[in-house]
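**Q** So I've got this file, start.cif, and it contains mmCIF, C-alpha atoms:
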```
data_entry
loop_
_atom_site.label_atom_id
_atom_site.label_comp_id
_atom_site.auth_asym_id
_atom_site.auth_seq_id
_atom_site.Cartn_x
_atom_site.Cartn_y
_atom_site.Cartn_z
CA MET A 20 -39.61 -1.71 33.82
CA ILE A 21 -35.97 -2.49 34.59
CA ASP A 22 -33.54 -0.13 32.92
CA ALA A 23 -31.60 -2.07 30.27
CA ILE A 24 -28.49 0.07 30.85
CA PRO A 25 -26.85 -0.49 34.26
CA ALA A 26 -26.10 2.68 36.18
CA LEU A 27 -22.56 3.92 35.86
CA THR A 28 -20.39 4.64 38.86
CA GLU A 29 -20.46 8.17 40.23
CA MET A 30 -17.32 10.28 40.30
CA PRO A 31 -16.06 11.07 43.81
CA SER A 32 -14.33 14.34 44.56
CA PRO A 33 -10.68 14.20 43.48
CA GLN A 34 -7.97 13.58 46.02
CA TYR A 35 -4.79 15.38 45.03
CA VAL A 36 -1.29 13.91 45.01
CA MET A 37 1.69 16.24 44.84
CA CYS A 38 4.30 15.41 42.20
CA ALA A 39 8.02 15.76 42.76
CA ASP A 40 8.06 18.86 40.53
CA GLY A 41 5.20 20.55 42.37
CA HIS A 42 2.30 19.69 40.05
CA ARG A 43 -0.92 18.21 41.45
CA LEU A 44 -2.47 15.00 40.19
CA ALA A 45 -6.17 14.28 40.68
CA THR A 46 -6.89 10.74 41.87
CA TYR A 47 -10.14 8.87 42.55
CA LEU A 48 -10.88 5.79 44.62
CA TRP A 49 -13.68 3.22 44.50
CA GLY A 50 -14.21 -0.09 46.27
CA GLU A 51 -13.29 -1.80 49.51
CA GLU A 52 -9.99 -0.94 51.15
CA ASP A 53 -8.85 -4.55 51.49
CA ALA A 54 -9.68 -5.50 47.88
CA PRO A 55 -6.94 -5.96 45.24
CA THR A 56 -6.23 -2.55 43.71
CA VAL A 57 -6.42 -1.84 39.98
CA LEU A 58 -4.58 1.36 39.01
CA ALA A 59 -6.43 2.80 35.99
CA VAL A 60 -4.48 5.20 33.74
CA HIS A 61 -6.21 6.82 30.76
CA GLY A 62 -5.09 7.79 27.26
CA PHE A 63 -4.11 11.01 25.49
CA ALA A 64 -6.75 13.77 25.59
CA SER A 65 -8.97 11.60 27.81
CA SER A 66 -9.46 11.46 31.59
CA CYS A 67 -10.30 8.98 34.31
CA ARG A 68 -13.99 9.80 33.90
CA ASP A 69 -13.94 9.54 30.11
CA ASN A 70 -11.79 6.42 29.83
CA TRP A 71 -12.82 4.32 32.84
CA VAL A 72 -16.04 5.58 34.42
CA SER A 73 -18.23 6.47 31.44
CA THR A 74 -17.28 3.19 29.73
CA GLY A 75 -18.30 0.97 32.66
CA TRP A 76 -14.84 -0.18 33.73
CA VAL A 77 -15.05 1.11 37.30
CA ARG A 78 -18.55 -0.32 37.71
CA ASP A 79 -17.54 -3.76 36.45
CA LEU A 80 -14.22 -3.90 38.31
CA THR A 81 -15.78 -3.01 41.66
CA ARG A 82 -18.61 -5.49 41.11
CA ALA A 83 -15.95 -8.12 40.49
CA GLY A 84 -14.39 -7.39 43.88
CA PHE A 85 -11.58 -5.00 42.98
CA ARG A 86 -10.71 -1.59 44.33
CA VAL A 87 -10.03 0.97 41.59
CA LEU A 88 -7.57 3.84 41.91
CA GLY A 89 -8.03 6.20 38.97
CA VAL A 90 -5.61 8.93 37.94
CA ASP A 91 -5.95 12.00 35.73
CA GLN A 92 -2.51 12.17 34.13
CA ARG A 93 -0.77 15.54 34.12
CA GLY A 94 -2.28 17.75 31.43
CA HIS A 95 -5.68 16.05 31.77
CA GLY A 96 -8.89 16.07 33.77
CA ALA A 97 -8.67 17.82 37.13
CA SER A 98 -4.88 17.54 37.31
CA ASP A 99 -2.50 20.44 36.72
CA LYS A 100 -1.95 21.27 33.05
CA PRO A 101 1.49 22.82 32.50
CA HIS A 102 2.21 24.33 29.07
CA ASP A 103 5.95 23.56 29.03
CA PRO A 104 6.84 20.51 26.85
CA ALA A 105 9.73 19.72 29.20
CA GLU A 106 7.12 18.81 31.86
CA TYR A 107 5.87 15.88 29.77
CA THR A 108 8.78 13.49 29.36
CA MET A 109 8.17 9.78 29.84
CA ASP A 110 10.25 9.90 33.01
CA ALA A 111 7.92 12.57 34.39
CA LEU A 112 4.82 10.51 33.58
CA VAL A 113 6.33 7.38 35.14
CA GLY A 114 7.38 9.41 38.19
CA ASP A 115 3.80 10.60 38.61
CA ILE A 116 2.57 7.01 38.84
CA VAL A 117 5.23 6.14 41.42
CA ASN A 118 4.23 9.21 43.46
CA VAL A 119 0.60 8.11 43.42
CA LEU A 120 1.47 4.60 44.59
CA ASP A 121 3.74 5.94 47.32
CA THR A 122 1.09 8.39 48.51
CA TYR A 123 -1.50 5.62 48.77
CA LEU A 124 1.07 3.30 50.43
CA LEU A 125 0.66 0.71 47.69
CA ASP A 126 3.64 -1.56 47.12
CA THR A 127 2.18 -3.30 44.08
CA VAL A 128 -0.97 -3.01 41.97
CA LEU A 129 -2.78 -4.47 39.03
CA TYR A 130 -2.33 -1.94 36.22
CA ALA A 131 -4.91 -1.04 33.57
CA GLY A 132 -3.78 1.44 30.92
CA TYR A 133 -5.10 2.54 27.57
CA SER A 134 -3.22 4.30 24.74
CA LEU A 135 -0.88 6.80 26.44
CA GLY A 136 -1.75 5.16 29.75
CA ALA A 137 -0.69 1.80 28.32
CA ARG A 138 2.57 3.27 27.06
CA VAL A 139 3.26 4.68 30.54
CA GLY A 140 2.27 1.32 32.04
CA TRP A 141 4.79 -0.54 29.90
CA GLN A 142 7.52 1.78 31.15
CA VAL A 143 6.40 1.55 34.78
CA ALA A 144 6.48 -2.26 34.53
CA VAL A 145 10.01 -2.11 33.08
CA GLN A 146 11.52 0.61 35.28
CA VAL A 147 9.90 -0.19 38.63
CA PRO A 148 8.71 -3.78 38.17
CA HIS A 149 8.05 -4.36 41.87
CA HIS A 150 5.11 -1.94 41.63
CA VAL A 151 3.22 -3.91 38.95
CA GLU A 152 1.91 -7.41 39.65
CA ARG A 153 0.41 -7.75 36.17
CA ALA A 154 -0.95 -5.31 33.60
CA VAL A 155 -3.60 -4.84 30.93
CA LEU A 156 -2.26 -2.59 28.16
CA GLY A 157 -4.84 -1.52 25.60
CA GLY A 158 -4.14 0.29 22.34
CA ILE A 159 -0.34 0.16 22.55
CA PRO A 160 1.89 1.48 21.00
CA ASP A 161 0.55 4.98 20.66
CA GLY A 162 3.57 7.16 21.30
CA ARG A 163 4.89 7.58 17.78
CA PRO A 164 1.60 8.80 16.21
CA LEU A 165 1.88 11.91 18.41
CA ALA A 166 5.10 12.68 16.51
CA ARG A 167 3.03 13.14 13.34
CA LEU A 168 1.11 16.00 14.89
CA GLN A 169 2.19 19.32 13.36
CA ILE A 170 3.01 21.28 16.51
CA ASP A 171 3.16 24.68 14.79
CA GLN A 172 -0.27 24.25 13.21
CA ALA A 173 -1.84 22.99 16.43
CA ARG A 174 -0.35 25.82 18.45
CA ALA A 175 -1.48 28.44 15.91
CA TYR A 176 -5.00 27.06 16.14
CA ALA A 177 -4.97 27.03 19.95
CA GLU A 178 -3.56 30.55 20.27
CA HIS A 179 -5.05 32.38 17.30
CA GLY A 180 -7.80 30.15 15.86
CA THR A 181 -5.81 29.62 12.65
CA PRO A 182 -7.40 26.79 10.63
CA VAL A 183 -5.47 23.50 10.62
CA ASP A 184 -4.55 22.16 7.18
CA ASP A 185 -2.87 18.89 8.16
CA LYS A 186 -5.44 16.09 8.46
CA VAL A 187 -3.64 14.17 11.22
CA THR A 188 -3.27 17.33 13.27
CA GLN A 189 -6.93 18.18 12.75
CA ASN A 190 -7.89 14.71 14.01
CA TYR A 191 -5.90 15.26 17.20
CA VAL A 192 -7.39 18.72 17.70
CA THR A 193 -10.87 17.24 17.31
CA LEU A 194 -9.98 14.50 19.79
CA ALA A 195 -8.65 17.03 22.28
CA GLU A 196 -11.75 19.20 22.04
CA ARG A 197 -14.09 16.24 22.48
CA VAL A 198 -13.61 16.06 26.27
CA ALA A 199 -14.97 18.98 28.30
CA GLY A 200 -12.30 20.79 30.28
CA ASN A 201 -9.39 19.79 28.08
CA ASP A 202 -6.65 22.40 27.71
CA LEU A 203 -5.45 22.24 24.11
CA ARG A 204 -2.22 24.11 24.87
CA ALA A 205 -1.33 21.56 27.55
CA LEU A 206 -2.05 18.64 25.22
CA ILE A 207 0.08 20.20 22.49
CA ALA A 208 2.88 20.56 25.04
CA LEU A 209 2.46 16.88 25.93
CA ALA A 210 2.70 15.84 22.29
CA GLU A 211 5.84 17.91 21.92
CA GLY A 212 7.30 16.70 25.20
CA MET A 213 6.91 13.07 24.19
CA ARG A 214 9.43 13.77 21.45
CA LEU A 215 12.12 14.58 24.00
CA GLY A 216 12.67 10.88 24.69
CA ASP A 217 11.85 7.50 23.21
CA ALA A 218 8.11 7.48 22.71
CA ASP A 219 7.79 3.86 21.56
CA PRO A 220 8.00 0.79 23.82
CA ASP A 221 11.21 -1.19 23.29
CA PRO A 222 10.43 -4.81 22.31
CA SER A 223 14.03 -5.77 23.12
CA ASN A 224 13.41 -4.78 26.76
CA PRO A 225 9.87 -5.93 27.56
CA PRO A 226 8.20 -6.28 30.96
CA GLU A 227 8.69 -9.63 32.66
CA GLN A 228 5.28 -9.62 34.36
CA ARG A 229 2.18 -11.19 32.87
CA ILE A 230 0.77 -8.66 30.43
CA LEU A 231 -2.54 -8.76 28.55
CA PHE A 232 -2.46 -6.68 25.36
CA ALA A 233 -5.78 -5.64 23.79
CA THR A 234 -6.32 -3.71 20.55
CA GLY A 235 -9.32 -3.13 18.30
CA SER A 236 -9.62 -5.03 15.04
CA GLU A 237 -10.08 -1.73 13.19
CA ASP A 238 -7.11 0.00 14.84
CA ALA A 239 -4.18 0.82 12.54
CA ILE A 240 -1.75 -0.28 15.26
CA LEU A 241 -3.26 -3.77 15.57
CA GLU A 242 -0.33 -5.72 14.15
CA ARG A 243 2.25 -3.67 16.05
CA SER A 244 0.36 -4.35 19.28
CA ARG A 245 0.26 -8.04 18.44
CA ALA A 246 4.01 -7.98 17.79
CA LEU A 247 4.65 -6.38 21.18
CA ALA A 248 2.65 -9.13 22.85
CA ALA A 249 4.72 -11.74 21.00
CA ALA A 250 7.94 -10.05 22.15
CA THR A 251 6.83 -10.04 25.79
CA PRO A 252 7.84 -13.26 27.62
CA ASN A 253 4.57 -13.49 29.55
CA GLY A 254 2.39 -11.57 27.11
CA THR A 255 -0.98 -12.58 25.71
CA PHE A 256 -3.13 -10.78 23.17
CA VAL A 257 -6.84 -10.25 22.62
CA GLU A 258 -8.32 -8.61 19.52
CA LEU A 259 -11.39 -6.47 20.17
CA PRO A 260 -13.94 -7.06 17.38
CA ASP A 261 -15.19 -4.07 15.38
CA ARG A 262 -13.36 -1.51 17.51
CA HIS A 263 -10.99 1.26 16.46
CA HIS A 264 -8.55 3.17 18.64
CA PHE A 265 -11.01 5.68 20.02
CA ASN A 266 -13.95 3.42 20.93
CA ALA A 267 -12.06 0.34 22.15
CA PRO A 268 -12.28 1.33 25.85
CA GLY A 269 -16.05 0.85 25.66
CA SER A 270 -15.75 -2.77 24.46
CA ARG A 271 -17.46 -5.36 26.67
CA VAL A 272 -15.02 -7.93 25.31
CA PHE A 273 -12.17 -5.75 26.59
CA ARG A 274 -13.65 -5.35 30.08
CA LYS A 275 -14.49 -9.04 30.39
CA ALA A 276 -11.02 -10.17 29.27
CA ALA A 277 -9.34 -7.74 31.67
CA ILE A 278 -11.40 -8.82 34.68
CA GLU A 279 -10.78 -12.50 33.95
CA PHE A 280 -7.06 -11.76 33.57
CA PHE A 281 -6.90 -9.84 36.87
CA ASP A 282 -8.91 -12.58 38.58
CA GLU A 283 -6.50 -15.37 37.62
CA ARG A 284 -4.33 -16.73 40.38
CA ASP A 285 -0.86 -18.05 39.58
#
```
Write the structure described by the file as C-alpha coordinates, please.

**A**
Amino acid sequence: MIDAIPALTEMPSPQYVMCADGHRLATYLWGEEDAPTVLAVHGFASSCRDNWVSTGWVRDLTRAGFRVLGVDQRGHGASDKPHDPAEYTMDALVGDIVNVLDTYLLDTVLYAGYSLGARVGWQVAVQVPHHVERAVLGGIPDGRPLARLQIDQARAYAEHGTPVDDKVTQNYVTLAERVAGNDLRALIALAEGMRLGDADPDPSNPPEQRILFATGSEDAILERSRALAAATPNGTFVELPDRHHFNAPGSRVFRKAAIEFFDERD
(Lines of atoms letter the chains of each structure in order from A and count residues from 1; the text may use other names and numbers.)
(Lines give C-alpha, C1' and ligand atoms only; values in the text may rest on other atoms or scores of the structure.)
Protein backbone atom coordinates (compact mmCIF):
# COMPACT_ATOMS: atom_id res chain seq x y z
CA MET A 1 0.00 0.00 0.00
CA ILE A 2 1.32 3.43 -0.93
CA ASP A 3 1.82 5.71 2.04
CA ALA A 4 -0.73 8.54 1.86
CA ILE A 5 1.71 10.97 3.49
CA PRO A 6 4.70 11.86 1.29
CA ALA A 7 8.06 11.54 3.00
CA LEU A 8 9.45 14.77 4.36
CA THR A 9 12.91 16.02 3.47
CA GLU A 10 15.74 14.98 5.76
CA MET A 11 17.76 17.57 7.63
CA PRO A 12 21.39 17.82 6.51
CA SER A 13 24.12 18.69 8.96
CA PRO A 14 24.24 22.45 9.55
CA GLN A 15 26.81 24.57 7.79
CA TYR A 16 27.82 27.50 9.96
CA VAL A 17 28.11 31.12 8.86
CA MET A 18 30.00 33.58 11.03
CA CYS A 19 28.19 36.84 11.81
CA ALA A 20 29.91 40.19 11.96
CA ASP A 21 29.63 40.18 15.77
CA GLY A 22 31.12 36.70 16.13
CA HIS A 23 27.95 34.63 16.50
CA ARG A 24 27.42 31.51 14.39
CA LEU A 25 24.35 30.91 12.27
CA ALA A 26 23.31 27.40 11.26
CA THR A 27 22.34 27.09 7.59
CA TYR A 28 21.02 24.17 5.53
CA LEU A 29 20.98 23.55 1.79
CA TRP A 30 18.79 21.38 -0.44
CA GLY A 31 18.46 21.08 -4.20
CA GLU A 32 20.53 21.53 -7.32
CA GLU A 33 23.28 24.14 -7.33
CA ASP A 34 22.11 25.82 -10.53
CA ALA A 35 18.44 26.03 -9.48
CA PRO A 36 16.86 29.34 -8.39
CA THR A 37 17.49 29.75 -4.65
CA VAL A 38 14.74 30.30 -2.10
CA LEU A 39 16.05 31.69 1.20
CA ALA A 40 13.74 30.35 3.95
CA VAL A 41 13.65 32.29 7.24
CA HIS A 42 11.49 31.03 10.11
CA GLY A 43 9.44 32.73 12.82
CA PHE A 44 9.86 33.48 16.52
CA ALA A 45 10.53 30.43 18.72
CA SER A 46 10.63 28.19 15.63
CA SER A 47 13.51 26.87 13.50
CA CYS A 48 14.28 25.90 9.94
CA ARG A 49 13.26 22.32 10.70
CA ASP A 50 10.04 23.29 12.48
CA ASN A 51 8.90 25.99 10.05
CA TRP A 52 10.04 24.70 6.65
CA VAL A 53 11.00 21.02 6.77
CA SER A 54 8.36 19.46 9.00
CA THR A 55 5.62 21.37 7.15
CA GLY A 56 6.63 20.12 3.69
CA TRP A 57 7.95 23.39 2.28
CA VAL A 58 11.45 22.13 1.49
CA ARG A 59 10.06 18.96 -0.07
CA ASP A 60 7.63 20.84 -2.30
CA LEU A 61 10.06 23.61 -3.27
CA THR A 62 12.78 21.18 -4.32
CA ARG A 63 10.28 19.07 -6.25
CA ALA A 64 9.25 22.24 -8.06
CA GLY A 65 12.85 22.81 -9.16
CA PHE A 66 14.11 25.26 -6.55
CA ARG A 67 17.15 25.15 -4.33
CA VAL A 68 16.37 25.96 -0.69
CA LEU A 69 18.77 27.70 1.67
CA GLY A 70 17.39 27.51 5.21
CA VAL A 71 18.59 29.55 8.16
CA ASP A 72 18.20 29.17 11.92
CA GLN A 73 17.98 32.80 13.03
CA ARG A 74 20.14 33.83 15.97
CA GLY A 75 18.59 32.61 19.20
CA HIS A 76 17.03 29.60 17.46
CA GLY A 77 17.73 26.06 16.30
CA ALA A 78 21.41 25.17 16.04
CA SER A 79 22.53 28.81 15.84
CA ASP A 80 24.17 30.68 18.71
CA LYS A 81 21.75 31.89 21.36
CA PRO A 82 23.07 35.03 23.10
CA HIS A 83 21.22 36.23 26.21
CA ASP A 84 21.89 39.95 25.72
CA PRO A 85 18.88 41.87 24.30
CA ALA A 86 21.26 44.23 22.50
CA GLU A 87 22.22 41.29 20.24
CA TYR A 88 18.70 41.12 18.79
CA THR A 89 18.04 44.44 17.08
CA MET A 90 16.43 44.44 13.65
CA ASP A 91 19.69 45.67 12.17
CA ALA A 92 21.46 42.62 13.63
CA LEU A 93 18.87 40.23 12.19
CA VAL A 94 19.05 41.89 8.76
CA GLY A 95 22.85 41.82 8.93
CA ASP A 96 22.73 38.08 9.58
CA ILE A 97 20.79 37.51 6.37
CA VAL A 98 23.26 39.61 4.37
CA ASN A 99 26.15 37.63 5.87
CA VAL A 100 24.50 34.37 4.82
CA LEU A 101 23.99 35.58 1.26
CA ASP A 102 27.56 36.87 1.05
CA THR A 103 28.96 33.61 2.40
CA TYR A 104 27.04 31.59 -0.18
CA LEU A 105 28.02 34.08 -2.93
CA LEU A 106 24.37 34.81 -3.71
CA ASP A 107 23.67 38.21 -5.23
CA THR A 108 19.89 37.83 -5.17
CA VAL A 109 17.38 35.26 -3.93
CA LEU A 110 13.72 34.48 -3.70
CA TYR A 111 12.80 35.10 -0.06
CA ALA A 112 10.32 33.08 2.00
CA GLY A 113 9.70 34.31 5.54
CA TYR A 114 7.11 33.62 8.19
CA SER A 115 6.21 35.74 11.24
CA LEU A 116 9.51 37.13 12.56
CA GLY A 117 11.17 35.83 9.40
CA ALA A 118 8.65 37.80 7.33
CA ARG A 119 9.30 40.93 9.37
CA VAL A 120 13.04 40.52 8.77
CA GLY A 121 12.33 39.85 5.09
CA TRP A 122 10.41 43.10 4.72
CA GLN A 123 13.37 44.98 6.14
CA VAL A 124 15.90 43.12 3.99
CA ALA A 125 13.84 43.95 0.89
CA VAL A 126 13.76 47.64 1.91
CA GLN A 127 17.35 48.07 3.13
CA VAL A 128 19.23 45.90 0.63
CA PRO A 129 16.73 45.53 -2.23
CA HIS A 130 19.28 44.15 -4.69
CA HIS A 131 19.42 40.95 -2.62
CA VAL A 132 15.70 40.13 -2.96
CA GLU A 133 14.16 39.36 -6.35
CA ARG A 134 10.70 38.80 -4.87
CA ALA A 135 9.39 37.64 -1.49
CA VAL A 136 6.67 35.64 0.21
CA LEU A 137 5.89 37.14 3.62
CA GLY A 138 3.57 35.07 5.78
CA GLY A 139 2.00 36.16 9.05
CA ILE A 140 3.22 39.77 8.98
CA PRO A 141 3.25 42.01 10.99
CA ASP A 142 4.31 40.16 14.11
CA GLY A 143 6.79 42.50 15.73
CA ARG A 144 4.50 44.49 17.99
CA PRO A 145 2.85 41.49 19.73
CA LEU A 146 6.27 40.67 21.22
CA ALA A 147 6.03 44.04 23.00
CA ARG A 148 3.05 42.71 24.98
CA LEU A 149 5.17 39.99 26.52
CA GLN A 150 5.87 40.77 30.19
CA ILE A 151 9.65 40.46 30.24
CA ASP A 152 9.96 40.37 34.03
CA GLN A 153 7.45 37.53 34.37
CA ALA A 154 9.00 35.53 31.55
CA ARG A 155 12.49 35.96 32.95
CA ALA A 156 11.37 34.98 36.47
CA TYR A 157 9.84 31.82 35.05
CA ALA A 158 12.96 30.98 33.02
CA GLU A 159 15.37 31.60 35.90
CA HIS A 160 13.40 30.52 38.95
CA GLY A 161 10.32 28.64 37.71
CA THR A 162 8.01 31.39 39.03
CA PRO A 163 4.49 30.85 37.61
CA VAL A 164 3.44 33.31 34.89
CA ASP A 165 0.22 35.23 35.59
CA ASP A 166 -0.09 37.21 32.36
CA LYS A 167 -1.98 35.21 29.73
CA VAL A 168 -0.14 36.64 26.72
CA THR A 169 3.21 35.94 28.34
CA GLN A 170 2.13 32.41 29.20
CA ASN A 171 1.17 31.84 25.55
CA TYR A 172 4.63 32.90 24.42
CA VAL A 173 6.31 30.72 27.04
CA THR A 174 4.24 27.76 25.86
CA LEU A 175 5.18 28.54 22.26
CA ALA A 176 8.87 28.77 23.15
CA GLU A 177 8.83 25.46 25.01
CA ARG A 178 7.04 23.67 22.17
CA VAL A 179 10.19 23.29 20.05
CA ALA A 180 12.90 20.98 21.42
CA GLY A 181 16.20 22.74 22.02
CA ASN A 182 14.76 26.22 22.43
CA ASP A 183 16.54 28.43 24.95
CA LEU A 184 13.87 30.44 26.75
CA ARG A 185 16.36 33.00 28.06
CA ALA A 186 17.56 33.71 24.51
CA LEU A 187 14.00 34.10 23.23
CA ILE A 188 13.16 36.47 26.07
CA ALA A 189 16.25 38.49 25.15
CA LEU A 190 15.04 38.57 21.52
CA ALA A 191 11.61 39.83 22.56
CA GLU A 192 13.26 42.53 24.64
CA GLY A 193 15.78 43.39 21.94
CA MET A 194 13.05 43.92 19.36
CA ARG A 195 11.89 46.84 21.50
CA LEU A 196 15.16 48.67 20.95
CA GLY A 197 14.07 49.71 17.46
CA ASP A 198 10.95 49.90 15.33
CA ALA A 199 9.43 46.44 15.43
CA ASP A 200 6.62 47.08 12.95
CA PRO A 201 7.02 47.32 9.16
CA ASP A 202 6.55 50.87 7.88
CA PRO A 203 3.74 51.03 5.28
CA SER A 204 4.98 54.46 4.18
CA ASN A 205 8.27 52.84 3.08
CA PRO A 206 7.32 49.49 1.55
CA PRO A 207 9.44 47.17 -0.58
CA GLU A 208 9.33 47.86 -4.32
CA GLN A 209 9.72 44.21 -5.32
CA ARG A 210 6.82 41.88 -6.00
CA ILE A 211 5.65 40.63 -2.61
CA LEU A 212 3.09 37.93 -1.84
CA PHE A 213 1.52 38.35 1.61
CA ALA A 214 -0.22 35.36 3.19
CA THR A 215 -2.08 35.22 6.51
CA GLY A 216 -4.52 32.78 8.07
CA SER A 217 -8.22 33.59 8.15
CA GLU A 218 -8.24 32.98 11.92
CA ASP A 219 -5.17 35.11 12.63
CA ALA A 220 -5.78 38.28 14.65
CA ILE A 221 -3.39 40.18 12.37
CA LEU A 222 -5.30 39.31 9.18
CA GLU A 223 -6.56 42.80 8.38
CA ARG A 224 -3.24 44.45 9.23
CA SER A 225 -1.48 42.03 6.88
CA ARG A 226 -4.01 42.80 4.18
CA ALA A 227 -3.41 46.52 4.72
CA LEU A 228 0.34 46.06 4.32
CA ALA A 229 -0.23 44.27 1.03
CA ALA A 230 -2.43 47.15 -0.14
CA ALA A 231 0.29 49.65 0.82
CA THR A 232 2.95 47.75 -1.13
CA PRO A 233 3.16 48.88 -4.78
CA ASN A 234 3.67 45.36 -6.12
CA GLY A 235 1.98 43.49 -3.29
CA THR A 236 -0.66 40.77 -3.54
CA PHE A 237 -2.49 38.98 -0.76
CA VAL A 238 -3.76 35.46 -0.16
CA GLU A 239 -5.92 34.47 2.81
CA LEU A 240 -5.24 30.98 4.17
CA PRO A 241 -8.56 29.31 5.04
CA ASP A 242 -9.10 28.02 8.58
CA ARG A 243 -5.56 28.80 9.71
CA HIS A 244 -4.36 30.79 12.71
CA HIS A 245 -0.91 32.27 13.28
CA PHE A 246 0.73 29.13 14.60
CA ASN A 247 -0.50 26.54 12.09
CA ALA A 248 -0.46 28.63 8.90
CA PRO A 249 2.99 27.38 7.79
CA GLY A 250 1.49 23.91 7.34
CA SER A 251 -1.18 25.14 4.91
CA ARG A 252 -1.15 23.48 1.48
CA VAL A 253 -2.82 26.60 0.10
CA PHE A 254 0.14 28.63 1.38
CA ARG A 255 2.76 26.33 -0.16
CA LYS A 256 0.96 26.14 -3.50
CA ALA A 257 0.50 29.92 -3.73
CA ALA A 258 4.16 30.52 -2.86
CA ILE A 259 5.48 28.05 -5.44
CA GLU A 260 3.26 29.50 -8.16
CA PHE A 261 4.41 33.00 -7.19
CA PHE A 262 8.10 32.04 -7.29
CA ASP A 263 7.56 30.22 -10.59
CA GLU A 264 6.11 33.27 -12.37
CA ARG A 265 8.33 34.95 -14.89
CA ASP A 266 8.05 38.70 -15.46

**Q** List the residues selected by the PyMOL selection byres ((chain A and resi 200-203) around 12) in the file shown, writing them as a VMD selection string.

**A** chain A and resid 63 to 66 68 to 69 91 to 102 170 173 to 178 180 191 to 199 204 to 210

**Q** Any chance you could work out the residue set of the PyMOL selection byres ((chain A and resi 138) around 9) here, as a count of residues only?

**A** 22

**Q** List, as a PyMOL selection string, every residue that the PyMOL selection byres ((chain A and resi 244) around 10) selects in the file provided.

**A** chain A and resi 156-161+232-235+238-243+245-250+256-258

**Q** Dump C-alpha atoms for the selected residues as a tab-separated table (two decimals), keeping the file's coordinate frame?

**A**
```
chain	number	residue	atom	x	y	z
A	156	LEU	CA	-2.26	-2.59	28.16
A	157	GLY	CA	-4.84	-1.52	25.60
A	158	GLY	CA	-4.14	0.29	22.34
A	159	ILE	CA	-0.34	0.16	22.55
A	160	PRO	CA	1.89	1.48	21.00
A	161	ASP	CA	0.55	4.98	20.66
A	232	PHE	CA	-2.46	-6.68	25.36
A	233	ALA	CA	-5.78	-5.64	23.79
A	234	THR	CA	-6.32	-3.71	20.55
A	235	GLY	CA	-9.32	-3.13	18.30
A	238	ASP	CA	-7.11	0.00	14.84
A	239	ALA	CA	-4.18	0.82	12.54
A	240	ILE	CA	-1.75	-0.28	15.26
A	241	LEU	CA	-3.26	-3.77	15.57
A	242	GLU	CA	-0.33	-5.72	14.15
A	243	ARG	CA	2.25	-3.67	16.05
A	245	ARG	CA	0.26	-8.04	18.44
A	246	ALA	CA	4.01	-7.98	17.79
A	247	LEU	CA	4.65	-6.38	21.18
A	248	ALA	CA	2.65	-9.13	22.85
A	249	ALA	CA	4.72	-11.74	21.00
A	250	ALA	CA	7.94	-10.05	22.15
A	256	PHE	CA	-3.13	-10.78	23.17
A	257	VAL	CA	-6.84	-10.25	22.62
A	258	GLU	CA	-8.32	-8.61	19.52
```

**Q** Extract, using all atoms listed in the file, all DNA, RNA and protein residues at most 12 Å from Lys275 (chain A), discarding same-chain residues fewer than 3 positions from it, and format them as a list in words.

**A**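 Counting only the stated atoms, we get Gly75, Trp76, Asp79, Leu80, Ala83, Val155, Ala233, Val257, Leu259, Pro268, Gly269, Ser270, Arg271, Val272, Ile278, Glu279, Phe280, Phe281 and Asp282 of chain A.
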
**Q** Quote the spacing between CA of Glu51 (chain A) and CA of Thr81 (chain A) in Å to one decimal place.

**A**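 Result for CA of Glu51 (chain A) versus CA of Thr81 (chain A): 8.3 Å, one decimal.
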
**Q** So, with only C-alpha atoms as the atoms that count, which of A:Asp115, A:Asp53, A:Glu152, A:Asp221 lies closest to Asp40 (chain A)?

**A**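 Among the listed residues, A:Asp115 lies closest to Asp40 (chain A).
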
**Q** Rounded to one decimal in Å, what is the spacing between CA of Thr188 (chain A) and CA of Ala166 (chain A)?

**A** 10.1 Å
